[in-house]
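Student: Input: one structure, supplied below.
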Amino acid sequence: MKKFLAILASTLMAVSLIGCGTDTSAGEPAATAEPEAPAAQEPAAAASTDNDLSSKKVGVCIYQFSDNFMTLFRTELENYLISLGFSKDNITIADGANDQATQTNQIQNFITDGVDVLIINPVNSSSASTITDMVVDAKIPLVYINREPDADEEARWQSENWDVTYVGCDARQSGTMQGQIIADLGLDAIDFNGNGAVDYIMIEGDPENVDAQYRTEFSVKALEDAGLKVNCLSDQVGNWDQTQGQQLVANALGQYANDVEVVFCNNDAMALGALQAINDAGRTVGKDIYLVGVDALTEVCEDVLAGTITGTVFNDHIAQSHSAADAAVNYLTGAGNDHYIGCDYVKVTKDNAQSILDSLG
Ligand code: GAL
């Protein structure tokens with residue numbers, strides 16, 4: 001019953017965030033770094049422990065393999081773990097197929113197999129306390145990635161002094177950067193219908209995920225902080241998915257037509273879908289509509305350079321996957337970790353898209 005109430009409460013919270021009346025009062029805006037190339041990576045932490053690492057077993061749980069961004073993340077994570085000295089045969093990566101019960105089962109199997117460390121991208125961040133309890137009981141160090149557990153859960157790791165940490169970026173920063181990319185264009189350039197406001201549609205990722213909640217909230221807040229009036233025409237959930245993004249934007253353009261001046265997408269996959277819908281509707285990004293995403297997928301950086309997407313925000317999967325692997329090593333060597341390991345987003349516009357592309361290799 002308690003579990004049911006907790007699920008109900010988190011569902012209600014998620015549902016209340018959908019819709020145009022987003023509350024922008026909670027939380028402080030994150031730092032607003034200017035466009036720049038990503039910082040150089042720290043050298044690998046454990047060159048001297050290569051021999052030991054080759055026998056260590058790593059279990060990795062990814063919430064869903066079909067997610068574009070998490071595909072980049074897991075590929076980089078595996079390659080970097082191998083470069084640190086882990087054996088490919090000892091790294092097992094499981095696809096949670098966007099189902100928490102499936103993932104919980106996979107975690108149980110990793111525990112039974114006796115893995116030495118776990119790296120987990122939870123399907124539901126709200127299941128983190130259950131996951132942590134299972135893993136800590138089995139005395140296995142745990143590195144959460146990408147989907148941040150809530151503050152109460154992170155406080156527990158600290159107060160219990162458990163070998164549990166989170167590696168990720170502050171999603172408020174990415175939302176703020178999206179809003180700034182649009183605000184920097186100036187109202188005159190944006191206000192095609194001349195009503196004195198920025199008329200936008202919002203395409204959200206999975207609302208259980210704090211990245212979706214904060215990007216939605218802080219992109220709009222950045223417009224307001226820049227002194228712009230905003231008008232939300234439509235706010236829909238596209239679950240990080242390109243096809244859903246395309247359908248939702250096609251519907252909104254059908255309904256609101258030329259009144260849509262800006263399309264905010266919580267990630268680039270949905271922005272690519274939005275671009276398709278914009279083109280199909282005979283609209284032109286940069287001329288009669290603007291479009292922003294988050295992640296800096298290669299295809300989107302190329303679109304930003306070409307002017308077919310207004311901008312994106314680099315979600316540094318290289319820095320995050322390396323930090324996650326380094327944190328795993330630090331647990332294995334006994335060095336330990338802080339309970340939160342952060343990373344900065346980078347604003348991506350035409351000015352720096354090429355340097356971001358170059359850094360992606
Ligand atoms: C976000 C990313 C999205 C999606 C999501 C999954 O950080 O921007 O594209 O991968 O994580 O939780």
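In the structure tokens, chains take letters A, B, ... by order of appearance, with residues numbered from 1 within each chain and ligands from 1 in the order shown.
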Please, which residues have at least one atom within 7 Å of an atom of ligand 1, using only C-alpha atoms and all ligand atoms, listed as a ChimeraX atom specification?
Tutor: /A:67-70,146-147,209,211,240,266-269,294-295,315
Student: Could the residues in this selection be saved with N, CA and C atoms as a PDB file, in the first residue's frame?
Tutor:
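Output (selection07.pdb):
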ATOM      1  N   ASP A  67      17.452   4.430 -26.820  1.00  0.00           N
ATOM      2  CA  ASP A  67      17.621   5.871 -26.603  1.00  0.00           C
ATOM      3  C   ASP A  67      18.941   6.330 -27.252  1.00  0.00           C
ATOM      4  N   ASN A  68      18.870   7.310 -28.160  1.00  0.00           N
ATOM      5  CA  ASN A  68      20.071   7.760 -28.906  1.00  0.00           C
ATOM      6  C   ASN A  68      21.195   8.216 -27.968  1.00  0.00           C
ATOM      7  N   PHE A  69      20.824   9.074 -27.008  1.00  0.00           N
ATOM      8  CA  PHE A  69      21.860   9.644 -26.150  1.00  0.00           C
ATOM      9  C   PHE A  69      22.500   8.560 -25.284  1.00  0.00           C
ATOM     10  N   MET A  70      21.667   7.672 -24.712  1.00  0.00           N
ATOM     11  CA  MET A  70      22.235   6.634 -23.851  1.00  0.00           C
ATOM     12  C   MET A  70      23.039   5.611 -24.656  1.00  0.00           C
ATOM     13  N   ASN A 146      23.056   9.518 -15.194  1.00  0.00           N
ATOM     14  CA  ASN A 146      22.053  10.125 -16.086  1.00  0.00           C
ATOM     15  C   ASN A 146      20.705  10.479 -15.457  1.00  0.00           C
ATOM     16  N   ARG A 147      20.087   9.585 -14.688  1.00  0.00           N
ATOM     17  CA  ARG A 147      18.785   9.876 -14.094  1.00  0.00           C
ATOM     18  C   ARG A 147      18.991  10.032 -12.592  1.00  0.00           C
ATOM     19  N   ASN A 209      11.289  11.933 -15.095  1.00  0.00           N
ATOM     20  CA  ASN A 209      12.720  12.189 -15.103  1.00  0.00           C
ATOM     21  C   ASN A 209      12.977  13.672 -14.825  1.00  0.00           C
ATOM     22  N   ASP A 211      15.351  15.513 -15.603  1.00  0.00           N
ATOM     23  CA  ASP A 211      15.859  16.254 -16.772  1.00  0.00           C
ATOM     24  C   ASP A 211      14.694  16.908 -17.531  1.00  0.00           C
ATOM     25  N   TRP A 240      11.203  11.449 -24.901  1.00  0.00           N
ATOM     26  CA  TRP A 240      12.570  11.454 -25.458  1.00  0.00           C
ATOM     27  C   TRP A 240      12.626  10.847 -26.862  1.00  0.00           C
ATOM     28  N   ASN A 266      12.894  18.851 -25.158  1.00  0.00           N
ATOM     29  CA  ASN A 266      13.768  18.504 -24.030  1.00  0.00           C
ATOM     30  C   ASN A 266      15.007  17.720 -24.464  1.00  0.00           C
ATOM     31  N   ASN A 267      14.999  17.160 -25.680  1.00  0.00           N
ATOM     32  CA  ASN A 267      16.237  16.526 -26.174  1.00  0.00           C
ATOM     33  C   ASN A 267      16.297  16.607 -27.713  1.00  0.00           C
ATOM     34  N   ASP A 268      17.452  16.199 -28.245  1.00  0.00           N
ATOM     35  CA  ASP A 268      17.691  16.329 -29.685  1.00  0.00           C
ATOM     36  C   ASP A 268      16.912  15.310 -30.507  1.00  0.00           C
ATOM     37  N   ALA A 269      16.692  14.113 -29.958  1.00  0.00           N
ATOM     38  CA  ALA A 269      15.936  13.120 -30.738  1.00  0.00           C
ATOM     39  C   ALA A 269      14.569  13.713 -31.080  1.00  0.00           C
ATOM     40  N   VAL A 294      18.430  19.474 -26.815  1.00  0.00           N
ATOM     41  CA  VAL A 294      19.531  19.245 -25.858  1.00  0.00           C
ATOM     42  C   VAL A 294      20.173  17.916 -26.224  1.00  0.00           C
ATOM     43  N   ASP A 295      21.467  17.823 -26.127  1.00  0.00           N
ATOM     44  CA  ASP A 295      22.326  16.631 -26.263  1.00  0.00           C
ATOM     45  C   ASP A 295      23.512  16.907 -27.179  1.00  0.00           C
ATOM     46  N   ASN A 315      25.279  17.779 -24.003  1.00  0.00           N
ATOM     47  CA  ASN A 315      25.136  16.932 -22.821  1.00  0.00           C
ATOM     48  C   ASN A 315      26.340  15.994 -22.900  1.00  0.00           C
TER      49      ASN A 315
END
Student: Skipping near chain neighbours, those fewer than 6 positions away, what residues fall within 8 Å of range 343-358 of chain A using only C-alpha atoms, listed as an NGL selection string?
Tutor: :A and (33-38 or 167-170 or 173-174 or 177-178 or 181 or 296 or 298 or 301-302 or 304-307 or 310-316 or 319-320)
Student: Just asking: which residues within range 94-338 of chain A are helix (DSSP H, G or I) according to DSSP, as a PyMOL selection string?
Tutor: chain A and resi 100-113+125-137+151-160+171-183+187-190+210-225+242-259+268-280+298-306+317-332
Student: Just the strand (DSSP E or B) stuff from range 287-320 of chain A, please, per backbone DSSP, written as a short mmCIF file (atom, residue, chain, number, x, y, z; two decimals) with N, CA and C atoms, in the first residue's frame.
Tutor:
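Output file selection_33.cif follows:
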data_model
loop_
_atom_site.label_atom_id
_atom_site.label_comp_id
_atom_site.auth_asym_id
_atom_site.auth_seq_id
_atom_site.Cartn_x
_atom_site.Cartn_y
_atom_site.Cartn_z
N ILE A 289 10.24 30.35 -37.77
CA ILE A 289 10.08 29.53 -36.55
C ILE A 289 11.49 29.23 -36.01
N TYR A 290 11.59 28.93 -34.72
CA TYR A 290 12.88 28.56 -34.12
C TYR A 290 12.73 27.21 -33.41
N LEU A 291 13.84 26.50 -33.30
CA LEU A 291 13.81 25.13 -32.74
C LEU A 291 15.08 24.89 -31.94
N VAL A 292 14.91 24.43 -30.68
CA VAL A 292 16.09 24.07 -29.86
C VAL A 292 15.91 22.70 -29.21
N ASP A 295 21.47 17.82 -26.13
CA ASP A 295 22.33 16.63 -26.26
C ASP A 295 23.51 16.91 -27.18
N GLY A 311 19.58 25.85 -32.23
CA GLY A 311 20.65 25.57 -31.28
C GLY A 311 20.35 24.32 -30.48
N THR A 312 21.37 23.88 -29.73
CA THR A 312 21.21 22.74 -28.83
C THR A 312 22.13 22.97 -27.64
N VAL A 313 22.19 22.01 -26.75
CA VAL A 313 23.04 22.11 -25.56
C VAL A 313 23.80 20.79 -25.45
N PHE A 314 25.12 20.89 -25.38
CA PHE A 314 25.94 19.67 -25.34
C PHE A 314 25.80 19.00 -23.98
#
Student: So which one's closest to Glu154 in chain A, A:Leu223, A:Ala128, A:Ala271, A:Ile91? Using only C-alpha atoms, please.
Tutor: A:Ala128
Student: Please identify all polymer residues within 12 Å of Ala250 in chain A, counting only C-alpha atoms, omitting same-chain residues fewer than 3 positions from it, and present them as a PyMOL selection string.
Tutor: chain A and resi 201+203+234+236+243-247+253-257+260+263+270+273-283
Student: Convert the current residue selection to file output with N, CA and C atoms, as a short mmCIF file (atom, residue, chain, number, x, y, z; two decimals), in the first residue's frame.
Tutor:
data_model
loop_
_atom_site.label_atom_id
_atom_site.label_comp_id
_atom_site.auth_asym_id
_atom_site.auth_seq_id
_atom_site.Cartn_x
_atom_site.Cartn_y
_atom_site.Cartn_z
N ILE A 201 5.80 26.08 -28.23
CA ILE A 201 5.30 24.76 -27.82
C ILE A 201 6.46 24.03 -27.14
N ILE A 203 7.98 20.27 -26.00
CA ILE A 203 7.91 18.82 -26.14
C ILE A 203 8.80 18.21 -25.06
N SER A 234 1.19 24.94 -26.27
CA SER A 234 0.98 23.50 -26.08
C SER A 234 2.18 22.91 -25.36
N GLN A 236 3.48 19.04 -24.34
CA GLN A 236 3.15 17.61 -24.53
C GLN A 236 4.34 16.73 -24.18
N THR A 243 9.99 9.84 -33.02
CA THR A 243 8.69 9.68 -33.70
C THR A 243 7.59 10.40 -32.94
N GLN A 244 7.61 10.26 -31.61
CA GLN A 244 6.58 10.95 -30.82
C GLN A 244 6.74 12.46 -30.96
N GLY A 245 8.01 12.93 -30.97
CA GLY A 245 8.25 14.36 -31.14
C GLY A 245 7.68 14.87 -32.45
N GLN A 246 7.91 14.10 -33.51
CA GLN A 246 7.40 14.50 -34.83
C GLN A 246 5.88 14.60 -34.83
N GLN A 247 5.23 13.58 -34.26
CA GLN A 247 3.75 13.58 -34.27
C GLN A 247 3.19 14.74 -33.46
N LEU A 253 1.44 22.17 -34.89
CA LEU A 253 1.51 23.10 -36.03
C LEU A 253 0.18 23.11 -36.79
N GLY A 254 -0.46 21.94 -36.84
CA GLY A 254 -1.79 21.88 -37.47
C GLY A 254 -2.78 22.75 -36.71
N GLN A 255 -2.69 22.72 -35.39
CA GLN A 255 -3.67 23.45 -34.57
C GLN A 255 -3.35 24.95 -34.48
N TYR A 256 -2.08 25.29 -34.28
CA TYR A 256 -1.75 26.70 -34.00
C TYR A 256 -1.07 27.41 -35.18
N ALA A 257 -0.74 26.65 -36.21
CA ALA A 257 -0.19 27.18 -37.47
C ALA A 257 0.89 28.23 -37.24
N VAL A 260 2.89 29.50 -33.92
CA VAL A 260 4.01 28.83 -33.25
C VAL A 260 5.31 29.51 -33.69
N VAL A 263 9.83 26.19 -30.94
CA VAL A 263 9.61 24.81 -30.49
C VAL A 263 10.76 24.43 -29.56
N MET A 270 13.93 14.31 -30.09
CA MET A 270 12.60 14.89 -30.34
C MET A 270 12.73 16.13 -31.24
N GLY A 273 12.69 14.99 -34.74
CA GLY A 273 11.31 14.72 -35.14
C GLY A 273 10.58 16.03 -35.41
N ALA A 274 10.80 17.01 -34.55
CA ALA A 274 10.15 18.32 -34.71
C ALA A 274 10.56 18.95 -36.04
N LEU A 275 11.85 18.82 -36.38
CA LEU A 275 12.35 19.41 -37.64
C LEU A 275 11.61 18.81 -38.84
N GLN A 276 11.42 17.51 -38.79
CA GLN A 276 10.69 16.84 -39.88
C GLN A 276 9.27 17.43 -40.00
N ALA A 277 8.61 17.58 -38.83
CA ALA A 277 7.23 18.10 -38.83
C ALA A 277 7.21 19.55 -39.33
N ILE A 278 8.23 20.33 -38.94
CA ILE A 278 8.31 21.73 -39.36
C ILE A 278 8.47 21.80 -40.89
N ASN A 279 9.37 20.97 -41.41
CA ASN A 279 9.57 20.93 -42.87
C ASN A 279 8.29 20.49 -43.59
N ASP A 280 7.65 19.45 -43.04
CA ASP A 280 6.42 18.94 -43.68
C ASP A 280 5.33 20.01 -43.71
N ALA A 281 5.35 20.91 -42.71
CA ALA A 281 4.32 21.96 -42.65
C ALA A 281 4.71 23.17 -43.51
N GLY A 282 5.84 23.05 -44.21
CA GLY A 282 6.27 24.14 -45.10
C GLY A 282 6.84 25.34 -44.35
N ARG A 283 7.27 25.12 -43.12
CA ARG A 283 7.87 26.20 -42.34
C ARG A 283 9.40 26.11 -42.46
#
Student: Within 7 Å of range 192-199 of chain A, counting only C-alpha atoms, which residues show up once you throw out same-chain ones fewer than 4 positions away? Write them as a list of chain:residue names, please.
Tutor: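 Final neighbour list, sorted by chain and number: A:Leu228, A:Lys229, A:Val230, A:Asn231, A:Cys232, A:Leu233, A:Asp259, A:Val260, A:Glu261, A:Val262, A:Asp288.
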Student: Can I get the selected residues back with N, CA, C and O atoms, as a PDB file, in the first residue's frame?
Tutor:
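Output below, filename selection.pdb:
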ATOM      1  N   LEU A 228      11.266  38.787 -21.397  1.00  0.00           N
ATOM      2  CA  LEU A 228      10.324  38.491 -22.482  1.00  0.00           C
ATOM      3  C   LEU A 228       9.010  37.951 -21.930  1.00  0.00           C
ATOM      4  O   LEU A 228       8.994  37.203 -20.944  1.00  0.00           O
ATOM      5  N   LYS A 229       7.906  38.337 -22.567  1.00  0.00           N
ATOM      6  CA  LYS A 229       6.606  37.746 -22.236  1.00  0.00           C
ATOM      7  C   LYS A 229       6.520  36.410 -22.948  1.00  0.00           C
ATOM      8  O   LYS A 229       6.956  36.281 -24.096  1.00  0.00           O
ATOM      9  N   VAL A 230       5.946  35.412 -22.264  1.00  0.00           N
ATOM     10  CA  VAL A 230       5.861  34.094 -22.897  1.00  0.00           C
ATOM     11  C   VAL A 230       4.404  33.648 -23.010  1.00  0.00           C
ATOM     12  O   VAL A 230       3.567  34.017 -22.192  1.00  0.00           O
ATOM     13  N   ASN A 231       4.128  32.867 -24.040  1.00  0.00           N
ATOM     14  CA  ASN A 231       2.792  32.324 -24.217  1.00  0.00           C
ATOM     15  C   ASN A 231       2.915  30.860 -24.644  1.00  0.00           C
ATOM     16  O   ASN A 231       3.362  30.568 -25.761  1.00  0.00           O
ATOM     17  N   CYS A 232       2.564  29.950 -23.727  1.00  0.00           N
ATOM     18  CA  CYS A 232       2.654  28.524 -24.035  1.00  0.00           C
ATOM     19  C   CYS A 232       1.411  28.086 -24.797  1.00  0.00           C
ATOM     20  O   CYS A 232       0.300  28.152 -24.270  1.00  0.00           O
ATOM     21  N   LEU A 233       1.598  27.626 -26.036  1.00  0.00           N
ATOM     22  CA  LEU A 233       0.464  27.175 -26.844  1.00  0.00           C
ATOM     23  C   LEU A 233       0.139  25.714 -26.539  1.00  0.00           C
ATOM     24  O   LEU A 233      -1.016  25.309 -26.549  1.00  0.00           O
ATOM     25  N   ASP A 259       1.112  30.784 -35.554  1.00  0.00           N
ATOM     26  CA  ASP A 259       1.322  31.349 -34.213  1.00  0.00           C
ATOM     27  C   ASP A 259       2.483  30.677 -33.480  1.00  0.00           C
ATOM     28  O   ASP A 259       2.996  31.228 -32.508  1.00  0.00           O
ATOM     29  N   VAL A 260       2.885  29.495 -33.920  1.00  0.00           N
ATOM     30  CA  VAL A 260       4.014  28.833 -33.248  1.00  0.00           C
ATOM     31  C   VAL A 260       5.313  29.507 -33.687  1.00  0.00           C
ATOM     32  O   VAL A 260       5.702  29.440 -34.857  1.00  0.00           O
ATOM     33  N   GLU A 261       5.970  30.165 -32.739  1.00  0.00           N
ATOM     34  CA  GLU A 261       7.226  30.873 -33.057  1.00  0.00           C
ATOM     35  C   GLU A 261       8.456  30.093 -32.599  1.00  0.00           C
ATOM     36  O   GLU A 261       9.528  30.219 -33.199  1.00  0.00           O
ATOM     37  N   VAL A 262       8.314  29.322 -31.515  1.00  0.00           N
ATOM     38  CA  VAL A 262       9.457  28.577 -30.975  1.00  0.00           C
ATOM     39  C   VAL A 262       9.007  27.169 -30.599  1.00  0.00           C
ATOM     40  O   VAL A 262       7.937  26.988 -30.005  1.00  0.00           O
ATOM     41  N   ASP A 288      10.806  31.600 -40.128  1.00  0.00           N
ATOM     42  CA  ASP A 288       9.472  31.836 -39.568  1.00  0.00           C
ATOM     43  C   ASP A 288       9.190  30.998 -38.327  1.00  0.00           C
ATOM     44  O   ASP A 288       8.059  30.942 -37.847  1.00  0.00           O
TER      45      ASP A 288
END
Student: Near Asp95 in chain A, within 9 Å and counting only C-alpha atoms, which residues show up once chain neighbours fewer than 3 positions away are dropped, as a PyMOL selection string?
Tutor: chain A and resi 60-66+98+102-103+106
Student: From the set A:Leu297, A:Ala327, A:Ala222, A:Phe86, which residue has the shortest atom-to-atom contact distance to Gly361 in chain A, counting only C-alpha atoms?
Tutor: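 So, comparing all the options, the nearest one is A:Leu297.
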